[in-house]
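Notes follow once the structure below has been shown.
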Protein chains: 2
Amino acid sequence: MRRTAEDAAQTKQAILDAALKVFSKKGYHAARLADIAQYAEVTRGAIYHHFGNKEGLYGELMATASSTGSQIVGGAVAQGGSIADVCQRILVDTFSVLETNSQMRAIMSLWMFNTSEMLKLETFKEQLRQQTVSVIDDLAIHMQTGIEQGVLRDDLAPHVAARAFIAFQNGVIRLWLMNPNAFSIKEDAEALATVLMRGLIGG
Amino acid sequence: MRRTAEDAAQTKQAILDAALKVFSKKGYHAARLADIAQYAEVTRGAIYHHFGNKEGLYGELMATASSTGSQIVGGAVAQGGSIADVCQRILVDTFSVLETNSQMRAIMSLWMFNTSEMLKLETFKEQLRQQTVSVIDDLAIHMQTGIEQGVLRDDLAPHVAARAFIAFQNGVIRLWLMNPNAFSIKEDAEALATVLMRGLIGG
DNA sequence: ATTATCATACATACATGATAGTATGTATTT
DNA sequence: AAATACATACTATCATGTATGTATGATAAT
């Protein structure tokens with residue numbers, strides 16, 4: 001029952017969508033390919049055809065996830081302003097979007113929670129490590145210029161500032177994802193972001 | 001080959017120690033009871049005898065882990081000082097101890113990473129949720145008095161301050177655990193803590 | 001344009017391995 | 001003697017991966 005190329009692409013996307021839901025909900029090991037297949041309304045055969053194996057499926061998922069992340073950052077940078085403005089905007093945007101966009105929420109859950117499960121796969125660990133390092137390094141360069149321009153505190157080491165930023169962002173996201181009913185991350189986004197930024201902005 | 005009661009307690013502890021190592025390294029699902037047994041130099045029979053099943057073993061582990069956490073907080077509070085001093089101390093202490101104490105590192109790994117894997121077990125999820133809520137609530141009360149005393153910024157909502165604090169702490173710990181070679185969390189502990197505290201302290 | 005051929009997109013069924021759990025045996029302690 | 005603290009051996013389950021089947025779209029030959 002071969003379908004046309006378009007149909008095939010559609011099925012592949014359906015599998016990816018289903019995988020995102022199931023992986024983010026159950027974790028890597030607990031998620032069964034049978035679950036994903038059922039959710040996508042195909043059989044496991046389709047999954048093996050398109051992705052080779054479970055790890056391959058997960059890998060493609062993570063690739064799209066990480067590209068989404070850099071997309072947000074790119075958008076915030078494009079709006080211009082000082083490094084402080086950009087950082088504030090990134091925090092507020094990432095916090096807010098979680099509450100409104102369920103797909104984004106699933107992606108974040110995936111990379112917040114499942115990631116850790118995957119750290120035993122050395123290839124994954126290394127890939128993630130590299131990725132994090134480069135994000136921090138990039139950010140540190142911007143922090144450096146911010147410091148030189150007097151926008152950020154001059155007693156701040158650029159890398160420390162960058163790590164504080166990423167840690168705070170991830171921490172807030174994780175805290176909220178663990179219990180979304182505890183508070184509204186969208187309503188508190190501005191206030192939370194301000195706490196961290198006040199620690200970075202020169203005064 | 002029954003051993004004396006003392007011996008039994010000793011083997012039970014050995015199993016817990018082994019479980020901490022294996023769980024924190026491999027995750028819940030990937031960790032095999034056979035591994036844990038081998039590491040503890042017993043057979044799986046001993047595990048089933050003392051803990052009933054895999055989930056029981058994990059449960060007891062987490063119980064000791066959470067008690068360790070509140071122990072650190074208790075210690076920092078006992079040393080006195082303003083809420084700002086206490087918070088700074090908690091951050092610096094928790095950051096520093098990670099690098100020096102491998103057992104603490106394993107416990108943190110467990111609760112940072114494996115926790116998420118366990119969130120599908122509803123009992124666990126609820127337990128963890130309650131725990132987090134109460135930690136935040138407690139902290140918020142202290143933040144409140146800090147605000148009233150003028151130690152912390154007066155435009156800060158107590159719960160926002162509390163969540164920012166916990167999020168930052170967890171975020172830094174997680175960031176470092178994911179890649180301990182990227183930087184020395186002990187050396188940067190003071191600087192990192194200062195960033196967050198400057199965002200909270202009134203000026 | 002029709003047909004023969006091949007490649008694609010899956011479904012189905014089976015093989016394999018791994019691991020949790022159980023049942024039972026046994027040596028000590030109490 | 002009865003319960004404890006395990007070890008050993010066995011069972012059952014389950015999920016991945018693979019091998020194979022099949023219907024159909026794509027493509028080239030005639």
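Following the order of the structure tokens, first chain is A, next is B, and so on, with residues numbered from 1 inside each chain and ligands from 1 in the order they appear.
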Pick out the chain D residues within 9 Å of chain A. Count only C-alpha atoms (C1' of nucleotides). Give them as a ChimeraX atom specification. /D:15-17,22-25
Taking only C-alpha atoms (C1' of nucleotides) into account, find every residue of chain A that has an atom no more than 12 Å from chain C, and write it out as a list in words.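 Selected residues: Met1, Arg2, Arg3, Thr4, Ala5, Glu6, Asp7, Ala8, Ala9, Gln10, Thr11, Lys12, Ala37, Val42, Thr43, Arg44, Gly45, Ala46, Ile47, Tyr48, His49 and His50 of chain A.
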Produce a file of the selected residues containing C-alpha atoms, as a tab-separated table (two decimals), in the first residue's frame.
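Done, and the output landed in part19.tsv:
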chain	number	residue	atom	x	y	z
A	1	MET	CA	0.00	0.00	0.00
A	2	ARG	CA	2.62	2.45	-0.98
A	3	ARG	CA	1.58	6.08	-0.76
A	4	THR	CA	2.98	9.01	-2.69
A	5	ALA	CA	6.06	10.87	-1.49
A	6	GLU	CA	3.91	13.54	0.05
A	7	ASP	CA	1.93	10.99	1.96
A	8	ALA	CA	5.14	9.46	3.19
A	9	ALA	CA	6.42	12.78	4.48
A	10	GLN	CA	3.13	13.26	6.22
A	11	THR	CA	3.38	9.90	7.94
A	12	LYS	CA	6.91	10.66	9.01
A	37	ALA	CA	2.96	3.85	16.40
A	42	VAL	CA	0.63	3.41	11.88
A	43	THR	CA	2.47	0.21	12.79
A	44	ARG	CA	5.97	-0.12	14.16
A	45	GLY	CA	7.00	-1.06	10.66
A	46	ALA	CA	6.57	2.55	9.59
A	47	ILE	CA	8.83	3.74	12.38
A	48	TYR	CA	11.60	1.33	11.47
A	49	HIS	CA	11.21	2.28	7.85
A	50	HIS	CA	11.62	6.01	8.48
Give me, as a ChimeraX atom specification, the contact residues of chain B against chain A at a cut-off of 8 Å, counting only C-alpha atoms. /B:25-27,29-30,113-114,116-117,120,129,133,156,160-161,163-164,166-172,174-175,178-179,182,188,191-192,194-200
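Matched residue by residue, the Cα atoms of chain B sit on those of chain A with an RMSD of 0.1 Å after a least-squares fit.
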Students should find that CA of Ser67 (chain A) and CA of Pro180 (chain A) are spaced 24.5 Å
Between CA of Leu57 (chain A) and CA of Gly69 (chain A), measure the distance and give it in Å to one decimal.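 Interatomic distance here is 19.0 Å.
Between CA of Glu187 (chain B) and CA of Gln144 (chain A) the separation is 19.7 Å.
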In region 22-152 of chain B, DSSP alpha helix (DSSP H) residues written as number ranges by chain: B: 22-26, 33-40, 44-51, 54-78, 83-100, 102-109, 115-118, 122-148
Could you pull the residues within 12 Å of Asp17 (chain A), counting only C-alpha atoms (C1' of nucleotides), minus those fewer than 6 positions along the same chain, as a CSV table (one decimal) with all heavy atoms, in the first residue's frame?
chain,number,residue,atom,x,y,z
A,10,GLN,N,4.2,13.0,5.2
A,10,GLN,CA,3.1,13.3,6.2
A,10,GLN,C,3.2,12.2,7.3
A,10,GLN,O,3.0,12.6,8.5
A,10,GLN,CB,1.8,13.2,5.5
A,10,GLN,CG,0.7,14.0,6.2
A,10,GLN,CD,-0.5,14.1,5.2
A,10,GLN,OE1,-0.4,14.3,4.0
A,10,GLN,NE2,-1.7,13.9,5.8
A,11,THR,N,3.3,11.0,6.9
A,11,THR,CA,3.4,9.9,7.9
A,11,THR,C,4.6,10.1,8.8
A,11,THR,O,4.5,10.0,10.1
A,11,THR,CB,3.6,8.5,7.3
A,11,THR,OG1,3.1,8.6,5.9
A,11,THR,CG2,2.8,7.5,8.0
A,23,PHE,N,7.3,10.5,24.2
A,23,PHE,CA,8.6,10.6,24.8
A,23,PHE,C,8.6,11.6,26.0
A,23,PHE,O,9.1,11.4,27.1
A,23,PHE,CB,9.7,11.0,23.9
A,23,PHE,CG,10.3,9.8,23.1
A,23,PHE,CD1,10.5,9.9,21.7
A,23,PHE,CD2,10.7,8.7,23.7
A,23,PHE,CE1,11.1,8.9,21.0
A,23,PHE,CE2,11.2,7.6,23.0
A,23,PHE,CZ,11.4,7.7,21.7
A,24,SER,N,7.9,12.7,25.7
A,24,SER,CA,7.9,13.8,26.7
A,24,SER,C,7.1,13.4,27.9
A,24,SER,O,7.3,13.9,29.0
A,24,SER,CB,7.4,15.1,26.1
A,24,SER,OG,6.1,15.0,25.7
A,36,ILE,N,3.9,4.8,20.4
A,36,ILE,CA,4.1,5.9,19.4
A,36,ILE,C,3.4,5.5,18.1
A,36,ILE,O,2.7,6.3,17.5
A,36,ILE,CB,5.6,6.1,19.2
A,36,ILE,CG1,6.3,6.6,20.4
A,36,ILE,CG2,5.8,7.1,18.0
A,36,ILE,CD1,7.8,6.7,20.4
A,37,ALA,N,3.6,4.3,17.6
A,37,ALA,CA,3.0,3.9,16.4
A,37,ALA,C,1.4,4.0,16.5
A,37,ALA,O,0.8,4.5,15.6
A,37,ALA,CB,3.4,2.4,16.1
A,38,GLN,N,0.9,3.5,17.6
A,38,GLN,CA,-0.5,3.6,17.8
A,38,GLN,C,-1.0,5.0,17.7
A,38,GLN,O,-2.0,5.4,17.1
A,38,GLN,CB,-0.9,2.9,19.1
A,38,GLN,CG,-2.4,2.8,19.3
A,38,GLN,CD,-2.8,2.1,20.6
A,38,GLN,OE1,-1.9,1.7,21.3
A,38,GLN,NE2,-4.1,2.0,20.9
A,39,TYR,N,-0.3,5.9,18.4
A,39,TYR,CA,-0.7,7.3,18.5
A,39,TYR,C,-0.6,7.9,17.1
A,39,TYR,O,-1.5,8.8,16.8
A,39,TYR,CB,0.3,8.0,19.4
A,39,TYR,CG,-0.4,9.2,20.2
A,39,TYR,CD1,-0.8,9.0,21.5
A,39,TYR,CD2,-0.5,10.4,19.5
A,39,TYR,CE1,-1.4,10.0,22.1
A,39,TYR,CE2,-1.1,11.4,20.2
A,39,TYR,CZ,-1.6,11.3,21.5
A,39,TYR,OH,-2.2,12.3,22.2
A,40,ALA,N,0.3,7.5,16.3
A,40,ALA,CA,0.4,8.0,14.9
A,40,ALA,C,-0.4,7.3,13.9
A,40,ALA,O,-0.5,7.6,12.8
A,40,ALA,CB,1.9,8.0,14.5
A,41,GLU,N,-1.1,6.3,14.5
A,41,GLU,CA,-2.0,5.5,13.6
A,41,GLU,C,-1.3,4.8,12.5
A,41,GLU,O,-1.7,4.8,11.3
A,41,GLU,CB,-3.2,6.3,13.1
A,41,GLU,CG,-4.1,6.8,14.2
A,41,GLU,CD,-5.3,7.6,13.7
A,41,GLU,OE1,-5.0,8.5,12.8
A,41,GLU,OE2,-6.4,7.4,14.1
A,57,LEU,N,15.0,7.6,15.9
A,57,LEU,CA,13.8,8.4,16.1
A,57,LEU,C,14.0,9.5,17.1
A,57,LEU,O,13.7,10.7,16.9
A,57,LEU,CB,12.6,7.6,16.5
A,57,LEU,CG,11.3,8.3,16.9
A,57,LEU,CD1,10.8,9.1,15.8
A,57,LEU,CD2,10.2,7.2,17.3
A,58,TYR,N,14.5,9.2,18.2
A,58,TYR,CA,14.8,10.1,19.3
A,58,TYR,C,15.8,11.2,18.8
A,58,TYR,O,15.6,12.4,19.1
A,58,TYR,CB,15.3,9.4,20.5
A,58,TYR,CG,15.4,10.3,21.7
A,58,TYR,CD1,14.3,10.5,22.5
A,58,TYR,CD2,16.5,11.0,22.1
A,58,TYR,CE1,14.3,11.3,23.6
A,58,TYR,CE2,16.6,11.8,23.2
A,58,TYR,CZ,15.5,11.9,24.0
A,58,TYR,OH,15.5,12.8,25.1
A,60,GLU,N,16.3,12.3,15.8
A,60,GLU,CA,15.7,13.3,14.9
A,60,GLU,C,14.8,14.3,15.7
A,60,GLU,O,14.8,15.5,15.3
A,60,GLU,CB,14.9,12.6,13.8
A,60,GLU,CG,15.7,12.0,12.7
A,60,GLU,CD,15.1,12.1,11.3
A,60,GLU,OE1,14.2,13.0,11.1
A,60,GLU,OE2,15.4,11.2,10.5
A,61,LEU,N,14.2,13.8,16.6
A,61,LEU,CA,13.3,14.6,17.5
A,61,LEU,C,14.2,15.7,18.1
A,61,LEU,O,13.8,16.9,18.1
A,61,LEU,CB,12.7,13.8,18.6
A,61,LEU,CG,11.2,13.6,18.5
A,61,LEU,CD1,10.7,13.0,19.8
A,61,LEU,CD2,10.5,14.9,18.2
A,64,THR,N,15.3,18.6,15.9
A,64,THR,CA,14.3,19.7,15.7
A,64,THR,C,14.1,20.5,16.9
A,64,THR,O,14.0,21.7,16.9
A,64,THR,CB,12.9,19.1,15.3
A,64,THR,OG1,12.4,18.5,16.4
A,64,THR,CG2,13.1,18.1,14.2
A,65,ALA,N,14.3,19.9,18.1
A,65,ALA,CA,14.1,20.6,19.3
A,65,ALA,C,15.2,21.6,19.5
A,65,ALA,O,14.9,22.8,19.9
A,65,ALA,CB,14.1,19.6,20.5
A,102,SER,N,1.6,24.3,23.5
A,102,SER,CA,1.8,23.0,24.1
A,102,SER,C,2.9,22.2,23.4
A,102,SER,O,3.6,21.4,24.0
A,102,SER,CB,0.5,22.2,24.0
A,102,SER,OG,0.2,21.9,22.7
A,103,GLN,N,3.1,22.5,22.2
A,103,GLN,CA,4.2,21.9,21.4
A,103,GLN,C,5.5,22.3,22.0
A,103,GLN,O,6.4,21.4,22.3
A,103,GLN,CB,4.1,22.2,20.0
A,103,GLN,CG,5.4,21.9,19.2
A,103,GLN,CD,5.1,21.1,18.0
A,103,GLN,OE1,4.0,20.7,17.7
A,103,GLN,NE2,6.1,20.8,17.2
A,104,MET,N,5.7,23.5,22.3
A,104,MET,CA,6.9,24.0,22.9
A,104,MET,C,7.1,23.4,24.3
A,104,MET,O,8.2,23.1,24.7
A,104,MET,CB,6.8,25.6,23.0
A,104,MET,CG,8.1,26.2,23.1
A,104,MET,SD,9.1,25.9,21.6
A,104,MET,CE,8.5,27.3,20.6
A,106,ALA,N,6.1,20.5,25.2
A,106,ALA,CA,6.5,19.1,25.1
A,106,ALA,C,8.0,19.1,24.7
A,106,ALA,O,8.8,18.3,25.2
A,106,ALA,CB,5.7,18.5,24.0
A,107,ILE,N,8.4,20.0,23.8
A,107,ILE,CA,9.8,20.0,23.5
A,107,ILE,C,10.7,20.3,24.7
A,107,ILE,O,11.8,19.7,24.9
A,107,ILE,CB,10.1,21.1,22.4
A,107,ILE,CG1,9.5,20.6,21.0
A,107,ILE,CG2,11.6,21.4,22.2
A,107,ILE,CD1,9.6,21.6,19.9
